[in-house]
>>> print(open('model.cif').read())   # mmCIF, C-alpha atoms
data_query
#
loop_
_atom_site.label_atom_id
_atom_site.label_comp_id
_atom_site.auth_asym_id
_atom_site.auth_seq_id
_atom_site.Cartn_x
_atom_site.Cartn_y
_atom_site.Cartn_z
CA MET A 274 2.60 22.99 -14.67
CA LEU A 275 -0.82 23.75 -13.22
CA ILE A 276 -3.90 22.63 -15.13
CA VAL A 277 -7.13 24.39 -14.25
CA ASN A 278 -10.49 23.25 -15.61
CA TYR A 279 -13.58 25.41 -15.30
CA GLN A 280 -16.68 23.26 -14.87
CA ALA A 281 -20.05 24.25 -13.44
CA GLN A 282 -18.49 27.32 -11.81
CA LYS A 283 -16.11 25.18 -9.80
CA ILE A 284 -12.38 25.25 -10.37
CA ASN A 285 -10.63 21.89 -10.31
CA ILE A 286 -6.91 21.81 -9.89
CA SER A 287 -5.40 18.65 -11.30
CA THR A 288 -2.93 17.33 -8.80
CA PHE A 289 0.77 17.11 -9.51
CA CYS A 290 1.14 13.85 -7.64
CA GLU A 291 -1.37 11.66 -9.43
CA LEU A 292 -4.07 11.49 -6.79
CA ALA A 293 -7.02 9.31 -7.65
CA THR A 294 -9.28 12.37 -7.73
CA PRO A 295 -8.40 16.00 -8.40
CA ILE A 296 -8.39 18.40 -5.47
CA SER A 297 -11.01 21.09 -5.97
CA PHE A 298 -10.08 24.72 -5.48
CA GLU A 299 -12.67 25.00 -2.71
CA ASP A 300 -11.16 22.05 -0.81
CA ASN A 301 -7.65 23.36 -1.39
CA ILE A 302 -8.44 26.63 0.36
CA MET A 303 -11.05 25.74 2.95
CA SER A 304 -10.40 22.32 4.39
CA VAL A 305 -7.24 20.62 5.49
CA PRO A 306 -7.50 16.85 5.99
CA LYS A 307 -7.18 15.84 9.66
CA VAL A 308 -6.37 12.67 11.53
CA THR A 309 -6.26 12.02 15.26
CA ILE A 310 -3.15 11.09 17.19
CA ASN A 311 -4.52 7.54 17.55
CA GLU A 312 -5.12 7.22 13.80
CA LEU A 313 -1.65 8.54 13.05
CA SER A 314 0.01 6.26 15.62
CA ASP A 315 -1.86 3.23 14.26
CA ALA A 316 -0.86 4.12 10.69
CA ILE A 317 2.81 4.46 11.69
CA GLU A 318 2.72 1.04 13.33
CA ALA A 319 1.00 -0.54 10.32
CA ALA A 320 3.19 1.09 7.67
CA ASN A 321 5.17 -1.44 5.64
CA ASN A 322 6.49 1.09 3.14
CA PRO A 323 9.55 2.96 4.48
CA SER A 324 8.58 6.18 2.69
CA VAL A 325 5.07 6.12 4.17
CA LYS A 326 6.52 5.49 7.62
CA THR A 327 9.03 8.37 7.23
CA VAL A 328 6.33 10.82 6.15
CA LEU A 329 3.92 9.76 8.91
CA GLU A 330 6.61 9.96 11.59
CA GLY A 331 7.56 13.39 10.26
CA ILE A 332 3.96 14.58 10.51
CA LEU A 333 3.82 13.35 14.11
CA ASN A 334 7.16 14.96 15.02
CA ASP A 335 6.16 18.27 13.43
CA TRP A 336 2.87 18.26 15.33
CA MET A 337 4.73 17.55 18.58
CA ASP A 338 7.13 20.43 17.87
CA LEU A 339 4.13 22.68 17.37
CA GLN A 340 2.52 21.51 20.61
CA TYR A 341 5.73 22.11 22.56
CA GLY A 342 6.38 25.49 20.94
CA LYS A 343 9.56 24.51 19.13
CA SER A 344 10.55 26.80 16.28
CA THR A 345 11.35 24.69 13.19
CA PRO A 346 11.10 25.25 9.43
CA TYR A 347 7.75 23.40 9.52
CA THR A 348 6.20 25.23 12.49
CA THR A 349 7.26 28.60 11.10
CA GLY A 350 5.79 27.90 7.67
CA LYS A 351 9.05 27.76 5.73
CA THR A 352 8.39 24.23 4.43
CA VAL A 353 5.52 21.79 4.01
CA LEU A 354 7.69 18.68 3.95
CA PRO A 355 7.53 16.76 7.21
CA VAL A 356 10.81 16.57 9.11
CA SER A 357 13.17 13.87 7.76
CA ALA A 358 10.98 13.35 4.65
CA THR A 359 11.92 14.21 1.09
CA ILE A 360 9.58 15.08 -1.75
CA GLU A 361 10.41 11.64 -3.16
CA ASP A 362 9.16 10.04 0.09
CA VAL A 363 5.92 12.02 -0.18
CA GLU A 364 5.44 11.13 -3.86
CA THR A 365 6.02 7.46 -3.06
CA ALA A 366 3.53 7.68 -0.18
CA VAL A 367 0.88 9.15 -2.51
CA LYS A 368 1.19 6.08 -4.74
CA SER A 369 1.25 3.61 -1.84
CA ASP A 370 -1.51 1.38 -0.51
CA ALA A 371 -1.97 3.62 2.55
CA ASP A 372 -5.47 4.48 3.74
CA GLN A 373 -7.10 7.13 1.54
CA LYS A 374 -7.26 9.72 4.33
CA PHE A 375 -3.46 9.56 4.56
CA LYS A 376 -3.04 9.57 0.80
CA ASP A 377 -5.13 12.78 0.79
CA ILE A 378 -2.67 14.30 3.26
CA PHE A 379 0.34 13.11 1.24
CA GLY A 380 -1.20 14.54 -1.93
CA ARG A 381 -1.88 17.85 -0.26
CA ILE A 382 1.74 18.08 0.91
CA CYS A 383 3.03 17.14 -2.53
CA ASP A 384 0.82 19.56 -4.44
CA THR A 385 1.62 22.44 -2.11
CA TYR A 386 5.35 21.70 -2.21
CA LYS A 387 5.31 21.74 -6.02
CA THR A 388 3.42 25.05 -6.21
CA GLY A 389 5.72 26.67 -3.64
CA ASP A 390 2.75 28.39 -1.98
CA LEU A 391 3.55 28.55 1.74
CA THR A 392 0.42 30.46 2.70
CA PRO A 393 -0.96 28.96 5.94
CA GLN A 394 -4.01 26.82 5.16
CA SER A 395 -4.75 25.52 8.67
CA VAL A 396 -6.66 27.72 11.05
CA ASN A 397 -5.32 27.94 14.59
CA ASP A 398 -8.07 26.58 16.82
CA GLY A 399 -6.15 27.68 19.89
CA SER A 400 -4.19 24.44 20.15
CA TRP A 401 -0.85 26.03 19.29
CA ASP A 402 1.01 29.24 20.04
CA PRO A 403 -0.15 31.93 17.58
CA LYS A 404 3.46 32.99 16.94
CA PHE A 405 3.76 29.86 14.77
CA THR A 406 2.36 29.82 11.25
CA PRO A 407 2.61 26.31 9.81
CA VAL A 408 1.16 25.84 6.35
CA PHE A 409 -0.66 22.71 7.48
CA VAL A 410 -1.68 21.06 10.72
CA PHE A 411 -2.99 17.60 9.84
CA VAL A 412 -3.24 16.23 13.38
CA SER A 413 -5.86 16.81 16.04
CA GLY A 414 -6.06 15.48 19.55
CA ASN A 415 -8.01 12.35 20.29
CA PRO A 416 -11.72 12.83 20.98
#
>>> encode(input="model.cif", output="structure tokens")
Amino acid sequence: MLIVNYQAQKINISTFCELATPISFEDNIMSVPKVTINELSDAIEAANNPSVKTVLEGILNDWMDLQYGKSTPYTTGKTVLPVSATIEDVETAVKSDADQKFKDIFGRICDTYKTGDLTPQSVNDGSWDPKFTPVFVFVSGNP
């Protein structure tokens, strides 16, 4: 079920996965949350929750597959779930005590999975082969 509220000419989509704040329609289309490799690596090391760790490792592995040009369901846009993660892992991660920037990523994955919309939302900045069309790319290189 999708709940849409019209307020001040902005559409707010209430999240399926109980995020602390709703994702706005503008954010849903225009900006994909990003973390650096260092931030992701640090979060994987610090993760105490097995579901959070599984989702974060999946995000890293999917990004590596994209960098190395490996065709997978994630890199070809057939799924938004990180490799080895289930929707239950992602839902658990959304409710975890992870840093908010990661919870935003988990929420985005969860919401998109539930809608079934596999339209690519990340713009290729030239860092991956254009033959791949992942729905999301949450990782960027280190500055």
>>> resolve_selection(input="model.cif", expression="the PyMOL selection byres ((chain A and resi 339-349) around 10)", output="count of residues only")
26
>>> atom_distance(input="model.cif", atom1="CA of Ile310 in chain A", atom2="CA of Lys374 in chain A")
13.6 Å
>>> closest_residue(input="model.cif", among="A:Asp398, A:Val363, A:Ser369, A:Lys307", to="Thr385 in chain A", atoms="only C-alpha atoms")
A:Val363
>>> resolve_selection(input="model.cif", expression="the PyMOL selection byres ((chain A and resi 416) around 8)", output="ChimeraX atom specification")
/A:309,414-415
>>> resolve_selection(input="model.cif", expression="the PyMOL selection byres ((chain A and resi 357) around 8)", output="list of chain:residue names")
A:Thr327, A:Val328, A:Gly331, A:Pro355, A:Val356, A:Ala358, A:Thr359
>>> residues_near_point(input="model.cif", point="(6.1, 19.5, -2.6)", cutoff="10 Å", atoms="only C-alpha atoms", output="compact mmCIF listing (two decimals) with C-alpha atoms, keeping the file's coordinate frame")
# COMPACT_ATOMS: atom_id res chain seq x y z
CA PHE A 289 0.77 17.11 -9.51
CA CYS A 290 1.14 13.85 -7.64
CA THR A 352 8.39 24.23 4.43
CA VAL A 353 5.52 21.79 4.01
CA LEU A 354 7.69 18.68 3.95
CA THR A 359 11.92 14.21 1.09
CA ILE A 360 9.58 15.08 -1.75
CA GLU A 361 10.41 11.64 -3.16
CA VAL A 363 5.92 12.02 -0.18
CA GLU A 364 5.44 11.13 -3.86
CA PHE A 379 0.34 13.11 1.24
CA GLY A 380 -1.20 14.54 -1.93
CA ARG A 381 -1.88 17.85 -0.26
CA ILE A 382 1.74 18.08 0.91
CA CYS A 383 3.03 17.14 -2.53
CA ASP A 384 0.82 19.56 -4.44
CA THR A 385 1.62 22.44 -2.11
CA TYR A 386 5.35 21.70 -2.21
CA LYS A 387 5.31 21.74 -6.02
CA THR A 388 3.42 25.05 -6.21
CA GLY A 389 5.72 26.67 -3.64
CA ASP A 390 2.75 28.39 -1.98
>>> residues_around(input="model.cif", residues="Glu318 in chain A", least_positions_apart="6", cutoff="12 Å", atoms="only C-alpha atoms", output="short mmCIF file (atom, residue, chain, number, x, y, z; two decimals) with C-alpha atoms, keeping the file's coordinate frame")
data_model
loop_
_atom_site.label_atom_id
_atom_site.label_comp_id
_atom_site.auth_asym_id
_atom_site.auth_seq_id
_atom_site.Cartn_x
_atom_site.Cartn_y
_atom_site.Cartn_z
CA ASN A 311 -4.52 7.54 17.55
CA GLU A 312 -5.12 7.22 13.80
CA VAL A 325 5.07 6.12 4.17
CA LYS A 326 6.52 5.49 7.62
CA THR A 327 9.03 8.37 7.23
CA LEU A 329 3.92 9.76 8.91
CA GLU A 330 6.61 9.96 11.59
#
>>> atom_distance(input="model.cif", atom1="CA of Ile378 in chain A", atom2="CA of Ala316 in chain A")
12.7 Å
>>> atom_distance(input="model.cif", atom1="CA of Pro306 in chain A", atom2="CA of Thr392 in chain A")
16.1 Å
>>> axis_aligned_box(input="model.cif", around="range 315-325 of chain A", padding_each_side="6 Å", output="AutoDock Vina command-line options")
--center_x 3.8 --center_y 2.4 --center_z 8.5 --size_x 23.4 --size_y 19.6 --size_z 23.6
